[in-house]
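Undergrad: Hey, dropping query-v7.cif in here, mmCIF, C-alpha atoms:
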data_structure
loop_
_atom_site.label_atom_id
_atom_site.label_comp_id
_atom_site.auth_asym_id
_atom_site.auth_seq_id
_atom_site.Cartn_x
_atom_site.Cartn_y
_atom_site.Cartn_z
CA MET A 1486 138.05 0.24 130.55
CA LYS A 1487 136.00 -1.27 133.37
CA ARG A 1488 133.00 0.73 132.18
CA PHE A 1489 133.49 -0.50 128.61
CA VAL A 1490 133.70 -4.17 129.70
CA PHE A 1491 130.61 -3.77 131.88
CA GLY A 1492 128.73 -2.06 129.04
CA PHE A 1493 129.82 -4.71 126.53
CA GLY A 1494 128.69 -7.52 128.83
CA ARG A 1495 125.44 -5.74 129.58
CA PHE A 1496 124.72 -5.30 125.87
CA TRP A 1497 125.14 -9.03 125.11
CA TRP A 1498 123.17 -10.01 128.21
CA ASP A 1499 120.26 -7.80 127.07
CA PHE A 1500 120.62 -9.03 123.48
CA ILE A 1501 120.57 -12.76 124.23
CA VAL A 1502 118.81 -13.15 127.59
CA GLY A 1503 116.47 -10.14 127.37
CA ASP A 1504 114.15 -9.15 130.16
CA ASP A 1505 113.35 -12.61 131.52
CA TRP A 1506 116.45 -14.35 132.83
CA LYS A 1507 114.34 -17.21 134.15
CA ILE A 1508 113.84 -18.66 130.65
CA ALA A 1509 117.60 -18.65 130.03
CA ALA A 1510 118.22 -20.21 133.46
CA GLY A 1511 115.57 -22.86 132.79
CA VAL A 1512 117.07 -23.74 129.41
CA ALA A 1513 120.54 -23.94 131.00
CA LEU A 1514 119.16 -26.23 133.71
CA ALA A 1515 117.42 -28.54 131.21
CA LEU A 1516 120.51 -28.73 128.98
CA GLY A 1517 122.73 -29.27 132.03
CA VAL A 1518 120.64 -32.29 133.04
CA GLY A 1519 120.77 -33.44 129.40
CA ALA A 1520 124.57 -33.15 129.41
CA ILE A 1521 124.76 -35.32 132.53
CA LEU A 1522 122.42 -37.89 130.98
CA ALA A 1523 124.55 -37.96 127.80
CA ALA A 1524 127.90 -38.17 129.61
CA GLU A 1525 127.18 -40.29 132.66
CA THR A 1526 124.43 -42.75 131.72
CA SER A 1527 124.02 -45.49 129.15
CA LEU A 1528 120.72 -44.09 127.86
CA SER A 1529 120.31 -44.13 124.07
CA ASP A 1530 120.63 -40.92 122.02
CA SER A 1531 116.88 -40.95 121.40
CA ALA A 1532 116.05 -41.21 125.10
CA VAL A 1533 118.44 -38.38 126.04
CA ALA A 1534 117.08 -36.19 123.22
CA LEU A 1535 113.43 -36.77 124.16
CA LEU A 1536 113.99 -36.32 127.90
CA THR A 1537 115.98 -33.12 127.39
CA GLY A 1538 113.42 -31.78 124.91
CA ALA A 1539 110.62 -32.49 127.40
CA GLY A 1540 112.65 -30.73 130.10
CA ILE A 1541 113.04 -27.62 127.93
CA PHE A 1542 109.27 -27.51 127.28
CA ALA A 1543 108.55 -27.94 131.00
CA VAL A 1544 110.82 -25.12 132.19
CA VAL A 1545 109.63 -22.74 129.48
CA SER A 1546 105.96 -23.44 130.33
CA ALA A 1547 106.65 -22.84 134.00
CA SER A 1548 108.52 -19.61 133.26
CA ILE A 1549 105.80 -18.15 131.02
CA VAL A 1550 102.95 -19.01 133.37
CA GLY A 1551 104.94 -17.92 136.45
CA GLY A 1552 105.81 -14.58 134.85
CA ALA A 1553 102.20 -13.92 133.92
CA VAL A 1554 100.93 -14.78 137.40
CA ALA A 1555 103.54 -12.45 138.93
CA ALA A 1556 102.51 -9.69 136.51
CA ASN A 1557 98.88 -10.22 137.45
CA ARG A 1558 99.69 -9.87 141.15
CA GLY A 1559 101.21 -6.49 140.39
CA ARG A 1560 98.08 -5.13 138.71
CA MET B 315 113.41 -28.63 99.42
CA SER B 316 113.88 -30.31 102.85
CA TRP B 317 112.08 -29.27 106.07
CA SER B 318 115.33 -27.92 107.33
CA THR B 319 116.04 -25.76 104.27
CA ALA B 320 112.47 -24.46 104.04
CA GLY B 321 112.50 -23.56 107.74
CA LEU B 322 115.89 -21.93 107.35
CA ALA B 323 114.85 -19.74 104.41
CA SER B 324 111.52 -18.79 106.05
CA SER B 325 113.18 -17.91 109.35
CA THR B 326 115.83 -15.63 107.92
CA LEU B 327 113.39 -13.99 105.46
CA LEU B 328 110.77 -13.24 108.12
CA ALA B 329 113.28 -12.20 110.78
CA SER B 330 115.04 -9.92 108.33
CA ALA B 331 111.76 -8.38 107.11
CA VAL B 332 110.51 -7.61 110.60
CA GLU B 333 113.83 -6.14 111.75
CA PHE B 334 114.15 -4.08 108.55
CA VAL B 335 110.67 -2.63 109.21
CA GLU B 336 111.81 -1.43 112.63
CA ALA B 337 115.11 -0.04 111.33
CA PHE B 338 113.32 1.64 108.40
CA THR B 339 110.96 3.47 110.79
CA ILE B 340 113.90 4.91 112.74
CA VAL B 341 115.87 5.96 109.64
CA LEU B 342 112.76 7.48 108.05
CA ALA B 343 112.05 9.51 111.19
CA MET B 344 115.64 10.78 111.27
CA GLY B 345 115.72 11.46 107.53
CA LEU B 346 112.54 13.54 107.59
CA THR B 347 113.39 15.52 110.72
CA ARG B 348 117.21 15.75 110.85
CA GLY B 349 118.12 15.43 107.17
CA TRP B 350 118.78 12.50 104.85
CA ARG B 351 122.55 12.99 104.67
CA SER B 352 123.16 12.10 108.32
CA ALA B 353 120.48 9.37 108.32
CA ILE B 354 122.01 7.65 105.28
CA ALA B 355 125.56 8.06 106.62
CA GLY B 356 124.49 6.42 109.91
CA THR B 357 122.77 3.61 108.03
CA VAL B 358 125.75 2.91 105.75
CA SER B 359 128.21 3.02 108.68
CA ALA B 360 126.09 0.51 110.61
CA LEU B 361 125.86 -1.80 107.58
CA VAL B 362 129.66 -1.73 107.13
CA LEU B 363 130.20 -2.57 110.81
CA LEU B 364 127.58 -5.35 110.61
CA ALA B 365 129.36 -6.87 107.61
CA GLY B 366 132.62 -6.88 109.61
CA VAL B 367 130.93 -8.48 112.62
CA ALA B 368 129.38 -11.14 110.38
CA VAL B 369 132.67 -12.06 108.71
CA VAL B 370 134.72 -12.17 111.94
CA SER B 371 132.17 -14.07 114.04
CA GLY B 372 131.35 -16.47 111.21
CA TYR B 373 135.03 -17.24 110.63
CA ALA B 374 135.69 -17.71 114.35
CA LEU B 375 132.76 -20.07 114.84
CA VAL B 376 133.62 -22.21 111.82
CA ASN B 377 137.33 -22.52 112.54
CA TRP B 378 137.49 -22.69 116.33
CA PHE B 379 134.79 -25.19 117.28
CA PRO B 380 134.14 -28.87 116.46
CA GLU B 381 130.69 -29.54 114.98
CA SER B 382 128.96 -30.91 118.08
CA LEU B 383 130.25 -28.03 120.23
CA LEU B 384 129.15 -25.54 117.56
CA GLN B 385 125.68 -27.12 117.54
CA PHE B 386 125.51 -26.95 121.33
CA ILE B 387 126.64 -23.32 121.65
CA VAL B 388 124.73 -21.99 118.67
CA GLY B 389 121.64 -24.10 119.41
CA THR B 390 121.54 -22.93 123.03
CA LEU B 391 121.92 -19.26 122.07
CA LEU B 392 119.31 -19.62 119.33
CA LEU B 393 116.91 -21.36 121.72
CA ILE B 394 117.21 -18.68 124.41
CA PHE B 395 117.02 -15.91 121.81
CA GLY B 396 114.00 -17.51 120.10
CA LEU B 397 112.20 -18.10 123.38
CA GLN B 398 112.45 -14.39 124.19
CA TRP B 399 110.64 -13.66 120.92
CA LEU B 400 108.09 -16.38 121.60
CA ARG B 401 107.48 -15.26 125.19
CA LYS B 402 106.87 -11.66 124.09
CA ALA B 403 104.57 -12.84 121.29
CA ILE B 404 102.55 -14.97 123.74
CA LEU B 405 102.27 -12.11 126.23
CA ARG B 406 101.21 -9.72 123.42
CA SER B 407 98.64 -12.14 122.03
CA SER B 408 97.14 -12.66 125.48
CA GLY B 409 97.01 -8.91 126.16
CA LEU B 410 99.63 -8.86 128.91
CA LYS B 411 102.03 -6.77 126.82
CA ALA B 412 101.31 -3.91 124.43
CA MET B 413 101.53 -4.66 120.71
CA HIS B 414 104.45 -3.18 118.80
CA ASP B 415 103.20 -0.18 116.82
CA GLU B 416 105.33 1.36 114.05
CA ASP B 417 103.19 4.52 113.83
CA GLU B 418 103.70 5.12 117.55
CA THR B 419 107.44 4.43 117.28
CA PHE B 420 107.64 6.86 114.34
CA ARG B 421 105.83 9.55 116.34
CA GLU B 422 108.13 9.06 119.33
CA GLU B 423 111.30 9.10 117.22
CA THR B 424 110.15 12.18 115.28
CA GLU B 425 109.27 14.03 118.48
CA ALA B 426 112.64 13.16 120.07
CA ALA B 427 114.44 14.31 116.92
CA ARG B 428 112.61 17.65 116.92
CA LEU B 429 113.41 18.28 120.60
CA ALA B 430 117.07 17.26 120.36
CA GLY B 431 119.71 19.98 120.16
CA SER B 432 121.73 20.67 117.04
CA GLU B 433 125.33 19.44 117.01
CA THR B 434 127.43 19.00 113.88
CA LYS B 435 130.38 16.61 113.64
CA ALA B 436 132.27 15.75 110.46
CA GLY B 437 129.73 17.79 108.55
CA LEU B 438 126.85 15.60 109.76
CA ASP B 439 123.94 16.22 112.06
CA TRP B 440 125.22 14.11 114.97
CA PHE B 441 121.84 13.20 116.49
CA GLY B 442 120.48 11.94 113.17
CA PHE B 443 123.67 10.01 112.47
CA VAL B 444 123.88 8.33 115.89
CA VAL B 445 120.20 7.38 116.12
CA SER B 446 120.19 5.97 112.56
CA PHE B 447 123.44 4.10 113.23
CA LYS B 448 122.19 2.57 116.50
CA GLY B 449 118.82 1.66 115.02
CA VAL B 450 120.24 -0.11 111.99
CA PHE B 451 123.08 -1.76 113.93
CA LEU B 452 120.92 -3.16 116.73
CA GLU B 453 118.16 -4.42 114.44
CA GLY B 454 120.71 -5.70 111.94
CA LEU B 455 122.64 -7.54 114.63
CA GLU B 456 119.60 -9.72 115.30
CA VAL B 457 119.43 -10.60 111.60
CA ILE B 458 123.17 -11.34 111.47
CA PHE B 459 122.86 -13.54 114.56
CA ILE B 460 120.02 -15.54 113.05
CA VAL B 461 121.68 -15.84 109.63
CA ILE B 462 125.01 -17.02 111.07
CA THR B 463 123.52 -19.50 113.53
CA PHE B 464 121.11 -20.98 110.99
CA GLY B 465 123.55 -20.91 108.10
CA LEU B 466 126.41 -22.58 109.97
CA ASN B 467 124.39 -25.26 111.73
CA ALA B 468 122.43 -26.22 108.63
CA HIS B 469 125.50 -25.93 106.37
CA ALA B 470 123.45 -23.64 104.15
CA MET B 471 124.89 -20.17 104.52
CA PRO B 472 123.90 -19.07 100.97
CA THR B 473 120.25 -19.98 101.66
CA ALA B 474 120.32 -18.14 104.98
CA ILE B 475 121.85 -15.03 103.41
CA ALA B 476 119.46 -15.17 100.44
CA GLY B 477 116.43 -15.39 102.77
CA ALA B 478 117.61 -12.37 104.77
CA ALA B 479 118.46 -10.38 101.63
CA ILE B 480 115.03 -11.02 100.08
CA GLY B 481 113.27 -10.06 103.33
CA GLY B 482 115.28 -6.84 103.54
CA ALA B 483 114.75 -6.01 99.87
CA ILE B 484 110.97 -6.45 100.12
CA VAL B 485 110.80 -4.02 103.06
CA LEU B 486 113.16 -1.54 101.45
CA VAL B 487 111.23 -1.44 98.16
CA ALA B 488 107.89 -1.15 99.98
CA GLY B 489 109.29 1.61 102.19
CA LEU B 490 110.72 3.57 99.26
CA LEU B 491 107.43 3.33 97.38
CA LEU B 492 105.24 4.33 100.34
CA HIS B 493 107.69 6.77 101.96
CA ARG B 494 106.03 6.26 105.36
CA PRO B 495 106.28 3.79 108.29
CA LEU B 496 105.23 0.27 107.32
CA ALA B 497 102.61 0.10 110.04
CA ARG B 498 100.38 -2.35 108.19
CA VAL B 499 102.99 -5.10 108.28
CA PRO B 500 101.69 -7.63 110.86
CA GLU B 501 104.92 -7.41 112.86
CA ASN B 502 103.65 -9.17 115.95
CA THR B 503 102.35 -12.10 113.93
CA ILE B 504 105.64 -12.36 112.03
CA LYS B 505 107.58 -12.22 115.31
CA PHE B 506 105.40 -15.02 116.62
CA ALA B 507 106.25 -17.15 113.56
CA VAL B 508 109.96 -16.37 113.82
CA GLY B 509 109.93 -17.13 117.56
CA LEU B 510 108.37 -20.52 116.83
CA LEU B 511 110.98 -21.30 114.16
CA LEU B 512 113.95 -20.14 116.25
CA SER B 513 112.74 -22.13 119.26
CA THR B 514 112.21 -25.22 117.11
CA PHE B 515 115.65 -25.16 115.47
CA GLY B 516 117.29 -24.06 118.72
CA THR B 517 115.82 -27.03 120.60
CA PHE B 518 116.82 -29.41 117.79
CA TRP B 519 120.43 -28.24 117.55
CA ALA B 520 121.08 -27.66 121.26
CA VAL B 521 119.99 -31.22 122.02
CA GLU B 522 122.01 -32.64 119.11
CA GLY B 523 125.00 -30.72 120.45
CA LEU B 524 124.78 -32.56 123.79
CA GLY B 525 126.84 -35.20 122.00
CA VAL B 526 129.87 -33.03 122.80
CA PHE B 527 129.65 -34.38 126.35
CA LYS B 528 129.83 -38.02 125.19
CA ALA B 529 133.16 -39.83 124.94
CA GLN B 530 133.11 -39.80 121.11
CA ASN B 531 132.09 -36.12 120.85
CA GLU B 532 129.59 -37.00 118.11
CA SER B 533 126.25 -35.21 117.77
CA LEU B 534 123.21 -36.91 119.34
CA GLU B 535 120.60 -38.32 116.95
CA TRP B 536 116.95 -37.36 117.43
CA PRO B 537 114.54 -40.25 116.81
CA GLY B 538 113.35 -39.77 113.21
CA GLY B 539 116.20 -37.39 112.32
CA ASP B 540 115.12 -34.16 110.59
CA ALA B 541 111.45 -35.24 110.72
CA MET B 542 111.60 -34.40 114.42
CA LEU B 543 111.69 -30.72 113.44
CA LEU B 544 108.04 -31.05 112.41
CA VAL B 545 107.14 -32.61 115.77
CA LEU B 546 109.00 -29.88 117.64
CA ILE B 547 107.32 -27.02 115.80
CA VAL B 548 103.90 -28.58 116.40
CA ALA B 549 104.79 -28.95 120.08
CA TRP B 550 105.87 -25.28 120.36
CA CYS B 551 102.65 -24.23 118.55
CA VAL B 552 100.53 -26.26 120.98
CA LEU B 553 102.40 -24.88 124.00
CA SER B 554 101.94 -21.32 122.69
CA TRP B 555 98.25 -21.86 122.01
CA VAL B 556 97.67 -23.30 125.50
CA ALA B 557 99.67 -20.47 127.08
CA ILE B 558 97.59 -17.83 125.25
CA ARG B 559 94.34 -19.54 126.28
CA VAL B 560 95.44 -19.73 129.91
CA LEU B 561 96.86 -16.20 130.06
CA THR B 562 94.20 -14.25 128.10
CA PRO B 563 91.86 -13.83 131.12
CA TYR B 564 94.74 -12.16 133.00
CA GLY B 565 95.41 -9.79 130.12
CA LYS B 566 91.88 -8.56 129.44
CA GLY B 567 91.65 -4.79 129.50
CA ARG B 568 95.40 -4.28 129.47
CA THR B 569 96.12 -3.79 125.76
CA ALA B 570 94.98 -0.82 123.69
CA VAL B 571 92.08 -1.92 121.52
CA PRO B 572 92.92 0.12 118.37
CA VAL B 573 96.33 -1.52 118.14
CA LEU B 574 94.82 -4.97 118.43
CA SER B 575 92.26 -4.13 115.75
CA LYS B 576 94.95 -2.97 113.39
CA GLU B 577 96.96 -6.12 114.06
CA ALA B 578 93.98 -8.32 113.33
CA ALA B 579 93.51 -6.53 110.02
#
Show me, as structure tokens, the structure contained in the file I just sent.

TA:
Amino acid sequence: MKRFVFGFGRFWWDFIVGDDWKIAAGVALALGVGAILAAETSLSDSAVALLTGAGIFAVVSASIVGGAVAANRGR
Amino acid sequence: MSWSTAGLASSTLLASAVEFVEAFTIVLAMGLTRGWRSAIAGTVSALVLLAGVAVVSGYALVNWFPESLLQFIVGTLLLIFGLQWLRKAILRSSGLKAMHDEDETFREETEAARLAGSETKAGLDWFGFVVSFKGVFLEGLEVIFIVITFGLNAHAMPTAIAGAAIGGAIVLVAGLLLHRPLARVPENTIKFAVGLLLSTFGTFWAVEGLGVFKAQNESLEWPGGDAMLLVLIVAWCVLSWVAIRVLTPYGKGRTAVPVLSKEAA
């Protein structure tokens, strides 16, 4: 049973997150900040949407470039 | 046809086509080496299970979650999923990752099938059945995921299903006519396009879904509404282009030239 649960979780992790967890973590971070902005501040919808969108682009850019630089170091 | 509907239909059609190409290669390899009976039985079993997964997960998502929460969950999953496609496409285009090659996959699958032992269960060649089943199920699951997420969030399930069905039918007809791996399909380019579309819609819906954290639980409004989809896709295109330009010097000499040449053709 334990093996099945582990295998099931592993399958969905590989399916959704894939081989670069940093992108998923970055998206979670950006959306987490967006959730705080939406819940705890009086910013307009547009401002929250644009700031969160910019955050997603920033973390994805950093993840892609960081991954490539790390791969290059391993050449 | 609105931006949203056009994007929806294109995404499911392209995603379905590219996944069907990969599944077709596996089933073809099994059919030619281990026999068509087990390959077709594995394929049909996987399709039945996929239909069950689609119905159950679709029903659960529609009936258990309020709209803003659905947008947030589905949008986030779609965004992460789409960014994996986009990241791989960027790394492939810049030469940091090998291009996907159906001929090579076919050769590997055929070789593995020839070397595998012979075991019969329920009158079927078990290796051929299992490999065909896994291939179709795993590739099909990606299509189901995209169809459900797009269809539910855009309230256009028939369009999403129609797009996927047309994409699958095109590949199936082409495969039956040619009776060989569809290696000339520009898979990496299609995956790039799908990655851009998934990331665009994922960003749009995940951010709209942040409204679930507000007191009223209503979806957030992007400035410009649906027109923002166009801005987002342009932004993802620009980011991808810049990333490829920056990363290409690191990837020079890493990717096999013949594969790149074929892709360009």

Undergrad: Of the candidates A:Ala1543, A:Met1486, A:Ala1534, A:Ile1508, which shows the shortest atom-to-atom distance to Ile394 in chain B, using only C-alpha atoms?

TA: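 For Ile394 in chain B, the nearest of the given residues is A:Ile1508.
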
Undergrad: Decode the PyMOL selection byres ((chain B) within 6 of (chain A)) for the given file into explicit residues and return them as number ranges by chain.

TA: B: 394-395, 521, 524, 527-528, 534-537

Undergrad: Generate a file of the selected residues that holds C-alpha atoms, formatted as an mmCIF file, in the coordinates of the input.

TA:
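Output contents, as saved in again-v5.cif:
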data_model
loop_
_atom_site.group_PDB
_atom_site.id
_atom_site.type_symbol
_atom_site.label_atom_id
_atom_site.label_comp_id
_atom_site.auth_asym_id
_atom_site.auth_seq_id
_atom_site.Cartn_x
_atom_site.Cartn_y
_atom_site.Cartn_z
ATOM 1 C CA ILE B 394 117.210 -18.680 124.410
ATOM 2 C CA PHE B 395 117.020 -15.910 121.810
ATOM 3 C CA VAL B 521 119.990 -31.220 122.020
ATOM 4 C CA LEU B 524 124.780 -32.560 123.790
ATOM 5 C CA PHE B 527 129.650 -34.380 126.350
ATOM 6 C CA LYS B 528 129.830 -38.020 125.190
ATOM 7 C CA LEU B 534 123.210 -36.910 119.340
ATOM 8 C CA GLU B 535 120.600 -38.320 116.950
ATOM 9 C CA TRP B 536 116.950 -37.360 117.430
ATOM 10 C CA PRO B 537 114.540 -40.250 116.810
#

Undergrad: Suppose a student applies the PyMOL selection byres ((chain B and resi 464) around 10) to this structure; what residues should they get, written as a PDB file with C-alpha atoms, in the frame of the given file?

TA:
ATOM      1  CA  SER B 318     115.330 -27.920 107.330  1.00  0.00           C
ATOM      2  CA  THR B 319     116.040 -25.760 104.270  1.00  0.00           C
ATOM      3  CA  GLY B 321     112.500 -23.560 107.740  1.00  0.00           C
ATOM      4  CA  LEU B 322     115.890 -21.930 107.350  1.00  0.00           C
ATOM      5  CA  ALA B 323     114.850 -19.740 104.410  1.00  0.00           C
ATOM      6  CA  SER B 325     113.180 -17.910 109.350  1.00  0.00           C
ATOM      7  CA  THR B 326     115.830 -15.630 107.920  1.00  0.00           C
ATOM      8  CA  VAL B 388     124.730 -21.990 118.670  1.00  0.00           C
ATOM      9  CA  GLY B 389     121.640 -24.100 119.410  1.00  0.00           C
ATOM     10  CA  LEU B 392     119.310 -19.620 119.330  1.00  0.00           C
ATOM     11  CA  ILE B 458     123.170 -11.340 111.470  1.00  0.00           C
ATOM     12  CA  PHE B 459     122.860 -13.540 114.560  1.00  0.00           C
ATOM     13  CA  ILE B 460     120.020 -15.540 113.050  1.00  0.00           C
ATOM     14  CA  VAL B 461     121.680 -15.840 109.630  1.00  0.00           C
ATOM     15  CA  ILE B 462     125.010 -17.020 111.070  1.00  0.00           C
ATOM     16  CA  THR B 463     123.520 -19.500 113.530  1.00  0.00           C
ATOM     17  CA  GLY B 465     123.550 -20.910 108.100  1.00  0.00           C
ATOM     18  CA  LEU B 466     126.410 -22.580 109.970  1.00  0.00           C
ATOM     19  CA  ASN B 467     124.390 -25.260 111.730  1.00  0.00           C
ATOM     20  CA  ALA B 468     122.430 -26.220 108.630  1.00  0.00           C
ATOM     21  CA  HIS B 469     125.500 -25.930 106.370  1.00  0.00           C
ATOM     22  CA  ALA B 470     123.450 -23.640 104.150  1.00  0.00           C
ATOM     23  CA  MET B 471     124.890 -20.170 104.520  1.00  0.00           C
ATOM     24  CA  THR B 473     120.250 -19.980 101.660  1.00  0.00           C
ATOM     25  CA  ALA B 474     120.320 -18.140 104.980  1.00  0.00           C
ATOM     26  CA  ILE B 475     121.850 -15.030 103.410  1.00  0.00           C
ATOM     27  CA  LEU B 512     113.950 -20.140 116.250  1.00  0.00           C
ATOM     28  CA  PHE B 515     115.650 -25.160 115.470  1.00  0.00           C
ATOM     29  CA  GLY B 516     117.290 -24.060 118.720  1.00  0.00           C
ATOM     30  CA  TRP B 519     120.430 -28.240 117.550  1.00  0.00           C
TER      31      TRP B 519
END

Undergrad: Which residues come within 12 Å of Cys551 in chain B, counting all atoms listed in the file, excluding same-chain residues fewer than 3 positions away, as JSON, numbers by chain?

TA: {"A": [1542], "B": [400, 403, 404, 506, 507, 508, 509, 510, 511, 513, 514, 544, 545, 546, 547, 548, 554, 555, 556, 557, 558]}

Undergrad: Could those residues be written to a file, using C-alpha atoms, as a PDB file, keeping the file's coordinate frame?

TA:
ATOM      1  CA  PHE A1542     109.270 -27.510 127.280  1.00  0.00           C
TER       2      PHE A1542
ATOM      3  CA  LEU B 400     108.090 -16.380 121.600  1.00  0.00           C
ATOM      4  CA  ALA B 403     104.570 -12.840 121.290  1.00  0.00           C
ATOM      5  CA  ILE B 404     102.550 -14.970 123.740  1.00  0.00           C
ATOM      6  CA  PHE B 506     105.400 -15.020 116.620  1.00  0.00           C
ATOM      7  CA  ALA B 507     106.250 -17.150 113.560  1.00  0.00           C
ATOM      8  CA  VAL B 508     109.960 -16.370 113.820  1.00  0.00           C
ATOM      9  CA  GLY B 509     109.930 -17.130 117.560  1.00  0.00           C
ATOM     10  CA  LEU B 510     108.370 -20.520 116.830  1.00  0.00           C
ATOM     11  CA  LEU B 511     110.980 -21.300 114.160  1.00  0.00           C
ATOM     12  CA  SER B 513     112.740 -22.130 119.260  1.00  0.00           C
ATOM     13  CA  THR B 514     112.210 -25.220 117.110  1.00  0.00           C
ATOM     14  CA  LEU B 544     108.040 -31.050 112.410  1.00  0.00           C
ATOM     15  CA  VAL B 545     107.140 -32.610 115.770  1.00  0.00           C
ATOM     16  CA  LEU B 546     109.000 -29.880 117.640  1.00  0.00           C
ATOM     17  CA  ILE B 547     107.320 -27.020 115.800  1.00  0.00           C
ATOM     18  CA  VAL B 548     103.900 -28.580 116.400  1.00  0.00           C
ATOM     19  CA  SER B 554     101.940 -21.320 122.690  1.00  0.00           C
ATOM     20  CA  TRP B 555      98.250 -21.860 122.010  1.00  0.00           C
ATOM     21  CA  VAL B 556      97.670 -23.300 125.500  1.00  0.00           C
ATOM     22  CA  ALA B 557      99.670 -20.470 127.080  1.00  0.00           C
ATOM     23  CA  ILE B 558      97.590 -17.830 125.250  1.00  0.00           C
TER      24      ILE B 558
END

Undergrad: Can you report as JSON the centre and edge lengths in Å, to one decimal, of an axis-aligned box around the listed atoms of range 499-505 of chain B padded with 4 Å on each side?

TA:
{"center_x": 104.6, "center_y": -8.7, "center_z": 112.1, "size_x": 13.9, "size_y": 15.3, "size_z": 15.7}

Undergrad: At a cut-off of 12 Å, using all atoms listed in the file, what residues contact His493 in chain B? Leave out same-chain residues fewer than 2 positions from it and give the result as a list in words.

TA: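 Final neighbour list, sorted by chain and number: Phe338, Thr339, Val341, Leu342, Ala343, Gly345, Leu346, Val485, Leu486, Val487, Ala488, Gly489, Leu490, Leu491, Pro495, Leu496 and Ala497 of chain B.
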
Undergrad: When distances are computed from only C-alpha atoms, which of B:Leu438, B:Ala549, B:Ala353, B:Ala427 shows the smallest separation from Val450 in chain B?

TA: B:Ala353

Undergrad: By how many Å are CA of Leu327 in chain B and CA of Gly482 in chain B apart?

TA: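 Computed distance, CA of Leu327 in chain B to CA of Gly482 in chain B, equals 7.6 Å.
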
Undergrad: So which one's closest to Arg559 in chain B, B:Ala355, B:Leu405, B:Ala520, B:Ala476? Using only C-alpha atoms, please.

TA: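 Of B:Ala355, B:Leu405, B:Ala520, B:Ala476, the one nearest Arg559 in chain B is B:Leu405, counting only C-alpha atoms.
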
Undergrad: Could you tell me how far CA of Ser359 in chain B sits from CA of Gly1494 in chain A, in Å to one decimal place?

TA: 22.7 Å

Undergrad: Could you list, as JSON, numbers by chain, every residue matched by the PyMOL selection byres ((chain B and resi 430) around 12) in this structure?

TA: {"B": [344, 347, 348, 423, 424, 425, 426, 427, 428, 429, 431, 432, 433, 439, 440, 441, 442, 445]}

Undergrad: My list of candidates is B:Leu455, B:Leu383, B:Leu561, B:Ala541. Which is closest to Val362 in chain B when distances are computed with only C-alpha atoms?

TA: B:Leu455

Undergrad: What gap, in Å, lies between CA of Ser408 in chain B and CA of Gly565 in chain B?

TA: 5.7 Å

Undergrad: Hey, which of B:Leu452, B:Leu364, B:Ala478, B:Val457 ends up closest to Phe1496 in chain A? Count only C-alpha atoms.

TA: B:Leu452
